[in-house]
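Have a look at the structure below before the remarks.
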Protein chains: 4
Amino acid sequence: MPKIGQEPLRRKALVAATVDVIGEAGSLDVTVGQIAKRAGMSSALAHHYFGGKAQIFLAAMRHILAEYSEEVRLALIAAPAGQRLEALIDANFVGSCFTPAAISAWLNFYVLAQRDEDAARLLKIYQRRLHSNLKHSLKDRCKDPQEIASILAAQIDGVYLRAALSGKGMQGAAEKVRHVARALLEEKA
Amino acid sequence: MPKIGQEPLRRKALVAATVDVIGEAGSLDVTVGQIAKRAGMSSALAHHYFGGKAQIFLAAMRHILAEYSEEVRLALIAAPAGQRLEALIDANFVGSCFTPAAISAWLNFYVLAQRDEDAARLLKIYQRRLHSNLKHSLKDRCKDPQEIASILAAQIDGVYLRAALSGKGMQGAAEKVRHVARALLEEKA
Amino acid sequence: MPKIGQEPLRRKALVAATVDVIGEAGSLDVTVGQIAKRAGMSSALAHHYFGGKAQIFLAAMRHILAEYSEEVRLALIAAPAGQRLEALIDANFVGSCFTPAAISAWLNFYVLAQRDEDAARLLKIYQRRLHSNLKHSLKDRCKDPQEIASILAAQIDGVYLRAALSGKGMQGAAEKVRHVARALLEEKA
Amino acid sequence: MPKIGQEPLRRKALVAATVDVIGEAGSLDVTVGQIAKRAGMSSALAHHYFGGKAQIFLAAMRHILAEYSEEVRLALIAAPAGQRLEALIDANFVGSCFTPAAISAWLNFYVLAQRDEDAARLLKIYQRRLHSNLKHSLKDRCKDPQEIASILAAQIDGVYLRAALSGKGMQGAAEKVRHVARALLEEKA
DNA sequence: AATGAATGAGGATTCATTCAT
DNA sequence: GATGAATGAATCCTCATTCAT
């Protein structure tokens, strides 16, 4: 029996290891060797599958974003029509991709996006999707969904940042954003 | 007798060069050689004056924070009594330390704070000061200054992040935060 | 499958090269680069296999001591019962590990032992073993084997030193120690 | 009043500092900066007076040898005619230049002599003088002063080495050499 | 497919030495 | 005489990457 289908397994393992290691180090200054070791293979194989360090990182980022997207998608599906905004906000602070490890990877993602074309593109996709989701869930609930969505997106990111750096986790984070949302929607109403 | 009093000059030049180079690279992955070259001296001299790479970075961060603090201090002094909150918000998006270069250094500062004791301490000081300033300026204007300050601080950071990553500068950033502030203060009024 | 089993070969080559290079330089001030080059590999590989300069040195010292010990062991086995002392003395001045190169390494070993824990430990082992061997071979031939062994050990080291520094090799060295041994054993007889 | 005669003072201070620092480090791997600092001046001045690191070391060695020679000279003068050998042996283990610091410098001197012409010459002078002194003091007391002197010189060096490395000082060292001397002189007498 | 082997390039750091004042 | 300033060269070490098997 030949070992078949090893490639996807290996890639998955490497992606998971990357998130893991970056999370632990709190930095993108991790070596391919560390990642490969964590994934239980040689660094040569990591290169073989991904082509280079940058691509490994990118795959890890893509994974984080995919998990996040899925989380959001499910939350929106499950939410009652009038509660989409609240569900969306909550989804941004709950779920597997918001573990401390992922947060660290996420933070570094922001930095990477400054230089790296691919990272910047991925990040833009995330931002557009979040903005779009927010706008949709705000439709019919306020006069300027565009602006409110933009504000709430920033609020979400800011709360992330602070939660990530405080080391105290996401407790109370969603509530802060909901608070802002309520205030903005009550305005002049 | 030797040439004298070069140390402060050199240190200043190195700090400026560090902010500069980090800003351009969008990353802390810059070499002491790059920094020293930009500052017009040998890397050996940079080590001589600062002792090591970490200390050079730290001095740069301290410089950025000092500039920011000064900006805020002046804004608060100049503001009429009832306009302190607005002045404070504006001060966070205007001024010399919010050039693209400084923003990049700032972003990387967040990441560094995850691993580096000293960076974390500096960052905490910034956060406490911002929170404290916000709270003071909210006193007498709402029921829960503590909570509102916390929300606005996150909003400020989030707007930073987005402005920094969009590459479009700070246009409209302060207005977004002011918008949130207005909404939160009007609440239940 | 990769080329395999190179590690022991490389380690051996590096150890030999280390002794060689130190011998030529007459000093521990040799670079990993020099050693690696002599061993026919990159300095990176030397680090890969040994972890660092100190460990390379230590391995070289261990090698020299092992060779010496083997030399002594064989000499003692081969010696007739009544001639053990003489055989032991001779063994200290004959043999592969007393080439000029090894002597130089040996000399530097003394110096290194002043600072380096590991080197000091190794040296102590050598000294204890020599002392113990001498004492055993002196048993039944004098009243105070402990003291005589101590004196002869020092004599051996001293003759080393002088032979090493004179650059004229070990000619007549063993005979000097044998001379002392005879004199000490004849005492008060 | 101009500062005159500073040069000899500075040189003396540097020589003393060199012995000091080498003794502490247990190695010749000391920097000119360390030496100069210990001597209370800038490293530039050290270079100015000595021309380079090698010459500083050499001056320190010369100093140690001079002290040693003086010690021996005085001992020989003070010794009664028939006790010159014993006085000479004792002089090799007593005196200011056999402090732990000097021993360390001495040990390193041996190593340096392997490469450095000047150091080798100095060392040879010491060895010749010791040998000559021993030979003279052995004249009329044995048949082969040349050989006995050679053996005792080696014994003295060997005992040095062991005493220096044991860290227990020179206790009992002279007595060991005297013991050998007695034995050699009693031979076949 | 998988990996041990191997390296070149690069980076932080140190230090003897020189120089201008 | 004396020193702060300054640097080039060298060294250890790391790491992404390539290669042969």
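By convention here, the chains of the structure tokens are called A, B, ... in the order presented, each chain's residues are numbered starting at 1, and ligands are numbered starting at 1 in the order presented.
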I need the alpha helix (DSSP H) residues of range 10-181 of chain B per DSSP on the backbone, written as a PyMOL selection string. chain B and resi 10-25+32-38+43-50+53-78+84-91+100-112+117-138+145-166+173-181
Output as a PDB file with C-alpha atoms, in the first residue's frame the set of chain B residues within 8 Å of chain E, with distances taken over only C-alpha atoms (C1' of nucleotides).
```
ATOM      1  CA  MET B   1      41.719  67.291  24.023  1.00  0.00           C
ATOM      2  CA  PRO B   2      39.314  65.184  22.048  1.00  0.00           C
ATOM      3  CA  LYS B   3      36.248  66.058  20.130  1.00  0.00           C
ATOM      4  CA  THR B  31      19.813  45.554  10.553  1.00  0.00           C
ATOM      5  CA  VAL B  32      21.906  47.689  12.802  1.00  0.00           C
ATOM      6  CA  HIS B  47      26.729  49.534  19.346  1.00  0.00           C
ATOM      7  CA  LYS B  53      20.108  46.359  18.848  1.00  0.00           C
TER       8      LYS B  53
END
```
Using only C-alpha atoms, find each residue in range 53-167 of chain B having at least one atom no more than 10 Å away from range 22-30 of chain B; report its shortest atom-to-atom pair and that distance in Å (one decimal), rows by chain then rising number, as a tab-separated table.
```
residue	atom	partner	partner_atom	distance
B:Lys53	CA	B:Val30	CA	9.8
B:Phe57	CA	B:Leu28	CA	8.6
B:Ala60	CA	B:Ile22	CA	9.9
B:Thr99	CA	B:Gly23	CA	9.1
B:Pro100	CA	B:Gly23	CA	6.8
B:Ala101	CA	B:Gly23	CA	3.8
B:Ala102	CA	B:Gly23	CA	6.3
B:Ile103	CA	B:Gly23	CA	7.3
B:Ser104	CA	B:Gly23	CA	4.9
B:Ala105	CA	B:Gly23	CA	5.9
B:Trp106	CA	B:Gly23	CA	9.1
B:Leu107	CA	B:Gly26	CA	8.7
B:Asn108	CA	B:Ser27	CA	6.4
B:Phe109	CA	B:Leu28	CA	8.7
B:Val111	CA	B:Leu28	CA	9.4
B:Leu112	CA	B:Leu28	CA	8.6
```
Chain A near chain B within 10 Å: what's each residue's closest atom pair and its distance in Å to one decimal, counting only C-alpha atoms, ordered by chain then ascending residue number, as CSV?
```
residue,atom,partner,partner_atom,distance
A:Gly23,CA,B:Gln114,CA,9.9
A:Glu24,CA,B:Arg115,CA,9.6
A:Ala25,CA,B:Arg115,CA,7.4
A:Gly26,CA,B:Gln114,CA,5.7
A:Ser27,CA,B:Val111,CA,6.8
A:Leu28,CA,B:Val111,CA,9.3
A:Asp29,CA,B:Asp29,CA,8.8
A:Ser104,CA,B:Val111,CA,8.1
A:Ala105,CA,B:Val111,CA,9.9
A:Leu107,CA,B:Val111,CA,6.7
A:Asn108,CA,B:Val111,CA,6.5
A:Phe109,CA,B:Val111,CA,9.9
A:Tyr110,CA,B:Leu165,CA,7.5
A:Val111,CA,B:Asn108,CA,6.5
A:Leu112,CA,B:Ser27,CA,7.5
A:Ala113,CA,B:Leu165,CA,7.4
A:Gln114,CA,B:Gly26,CA,5.5
A:Arg115,CA,B:Gly26,CA,6.0
A:Asp116,CA,B:Gly26,CA,9.5
A:Ala120,CA,B:Leu165,CA,8.3
A:Leu123,CA,B:Leu165,CA,9.1
A:Lys124,CA,B:Ser166,CA,8.6
A:Gln127,CA,B:Arg162,CA,9.1
A:Glu147,CA,B:Lys176,CA,8.4
A:Ile148,CA,B:Lys176,CA,9.0
A:Ser150,CA,B:Lys176,CA,8.6
A:Ile151,CA,B:Lys176,CA,6.3
A:Leu152,CA,B:Gln155,CA,8.6
A:Ala153,CA,B:Gly158,CA,8.0
A:Ala154,CA,B:Gly158,CA,4.5
A:Gln155,CA,B:Gln155,CA,4.7
A:Ile156,CA,B:Gly158,CA,7.1
A:Asp157,CA,B:Gly158,CA,5.0
A:Gly158,CA,B:Gly158,CA,3.5
A:Val159,CA,B:Ala154,CA,5.2
A:Tyr160,CA,B:Ala154,CA,8.3
A:Leu161,CA,B:Gly158,CA,7.6
A:Arg162,CA,B:Ala154,CA,6.7
A:Ala163,CA,B:Ala154,CA,9.4
A:Ala164,CA,B:Gln114,CA,8.8
A:Leu165,CA,B:Gln114,CA,6.8
A:Ser166,CA,B:Lys124,CA,8.7
A:Gly167,CA,B:Gln114,CA,9.0
A:Ala173,CA,B:Ile151,CA,9.5
A:Lys176,CA,B:Ile151,CA,6.4
A:Val177,CA,B:Ile151,CA,7.9
A:His179,CA,B:Leu184,CA,8.4
A:Val180,CA,B:Leu184,CA,7.0
A:Ala181,CA,B:Val180,CA,9.1
A:Arg182,CA,B:Glu187,CA,8.8
A:Ala183,CA,B:Ala183,CA,5.3
A:Leu184,CA,B:Ala183,CA,5.5
A:Leu185,CA,B:Ala183,CA,8.6
A:Glu186,CA,B:Glu187,CA,7.4
A:Glu187,CA,B:Ala183,CA,6.1
A:Lys188,CA,B:Ala183,CA,9.1
```
Hey, could you make a per-residue contact list for chain F against chain C with 10 Å as the cut-off, showing the nearest pair of atoms and its distance in Å to one decimal, counting only C-alpha atoms (C1' of nucleotides), sorted by chain and number, as a Markdown table?
```
| residue | atom | partner | partner_atom | distance |
| --- | --- | --- | --- | --- |
| F:DA10 | C1' | C:Thr31 | CA | 9.7 |
| F:DT11 | C1' | C:Thr31 | CA | 7.2 |
| F:DC12 | C1' | C:Val32 | CA | 7.9 |
| F:DC13 | C1' | C:His47 | CA | 7.7 |
| F:DT14 | C1' | C:Ala44 | CA | 8.6 |
| F:DC15 | C1' | C:Ala44 | CA | 10.0 |
| F:DC19 | C1' | C:Pro2 | CA | 9.5 |
| F:DA20 | C1' | C:Pro2 | CA | 6.7 |
| F:DT21 | C1' | C:Pro2 | CA | 4.6 |
```
Would you output that residue set with N, CA and C atoms (P, O5', C5', C4', C3', O3' and C1' of nucleotides), as a CSV table (one decimal), in the first residue's frame?
```
chain,number,residue,atom,x,y,z
F,10,DA,P,40.4,40.9,8.3
F,10,DA,O5',39.9,40.0,9.5
F,10,DA,C5',40.3,40.4,10.8
F,10,DA,C4',39.4,39.8,11.8
F,10,DA,C3',38.9,38.3,11.4
F,10,DA,O3',39.1,37.5,12.6
F,10,DA,C1',37.1,39.7,12.0
F,11,DT,P,39.1,36.0,12.4
F,11,DT,O5',38.0,35.6,13.4
F,11,DT,C5',37.8,36.4,14.6
F,11,DT,C4',36.5,35.9,15.2
F,11,DT,C3',36.0,34.5,14.7
F,11,DT,O3',35.6,33.7,15.8
F,11,DT,C1',34.3,36.1,14.5
F,12,DC,P,35.4,32.2,15.6
F,12,DC,O5',33.9,32.1,16.3
F,12,DC,C5',33.7,32.8,17.5
F,12,DC,C4',32.2,33.0,17.7
F,12,DC,C3',31.4,31.7,17.4
F,12,DC,O3',30.4,31.6,18.5
F,12,DC,C1',30.6,33.3,15.9
F,13,DC,P,29.8,30.1,18.7
F,13,DC,O5',28.4,30.4,17.9
F,13,DC,C5',27.7,31.5,18.2
F,13,DC,C4',26.7,31.8,17.1
F,13,DC,C3',25.9,30.5,16.7
F,13,DC,O3',24.6,30.7,17.2
F,13,DC,C1',26.5,31.9,14.8
F,14,DT,P,23.5,29.6,16.9
F,14,DT,O5',22.6,30.2,15.8
F,14,DT,C5',22.4,31.6,15.7
F,14,DT,C4',21.5,31.9,14.6
F,14,DT,C3',20.5,30.9,14.2
F,14,DT,O3',19.3,31.5,13.8
F,14,DT,C1',21.9,31.3,12.3
F,15,DC,P,18.0,30.7,13.8
F,15,DC,O5',17.6,30.8,12.3
F,15,DC,C5',18.2,31.8,11.5
F,15,DC,C4',17.9,31.6,10.1
F,15,DC,C3',16.9,30.4,9.7
F,15,DC,O3',16.1,30.8,8.7
F,15,DC,C1',19.0,30.1,8.6
F,19,DC,P,20.2,22.8,-6.4
F,19,DC,O5',20.9,21.4,-5.9
F,19,DC,C5',22.0,21.4,-5.1
F,19,DC,C4',22.3,20.1,-4.5
F,19,DC,C3',21.8,18.9,-5.4
F,19,DC,O3',22.8,17.9,-5.5
F,19,DC,C1',20.9,18.6,-3.3
F,20,DA,P,23.0,17.1,-6.8
F,20,DA,O5',23.5,15.7,-6.1
F,20,DA,C5',24.3,15.8,-4.9
F,20,DA,C4',24.0,14.5,-4.1
F,20,DA,C3',23.8,13.3,-4.9
F,20,DA,O3',24.5,12.2,-4.3
F,20,DA,C1',21.9,13.7,-3.5
F,21,DT,P,24.5,10.8,-5.0
F,21,DT,O5',23.5,10.0,-4.0
F,21,DT,C5',23.6,10.2,-2.6
F,21,DT,C4',22.4,9.6,-2.0
F,21,DT,C3',21.9,8.2,-2.6
F,21,DT,O3',21.8,7.3,-1.6
F,21,DT,C1',20.1,9.7,-2.4
```
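Among the candidates D:Val15, D:Ala79, D:Leu134, D:Cys142, the residue lying nearest to Ile35 in chain D is D:Val15 (atoms considered: only C-alpha atoms).
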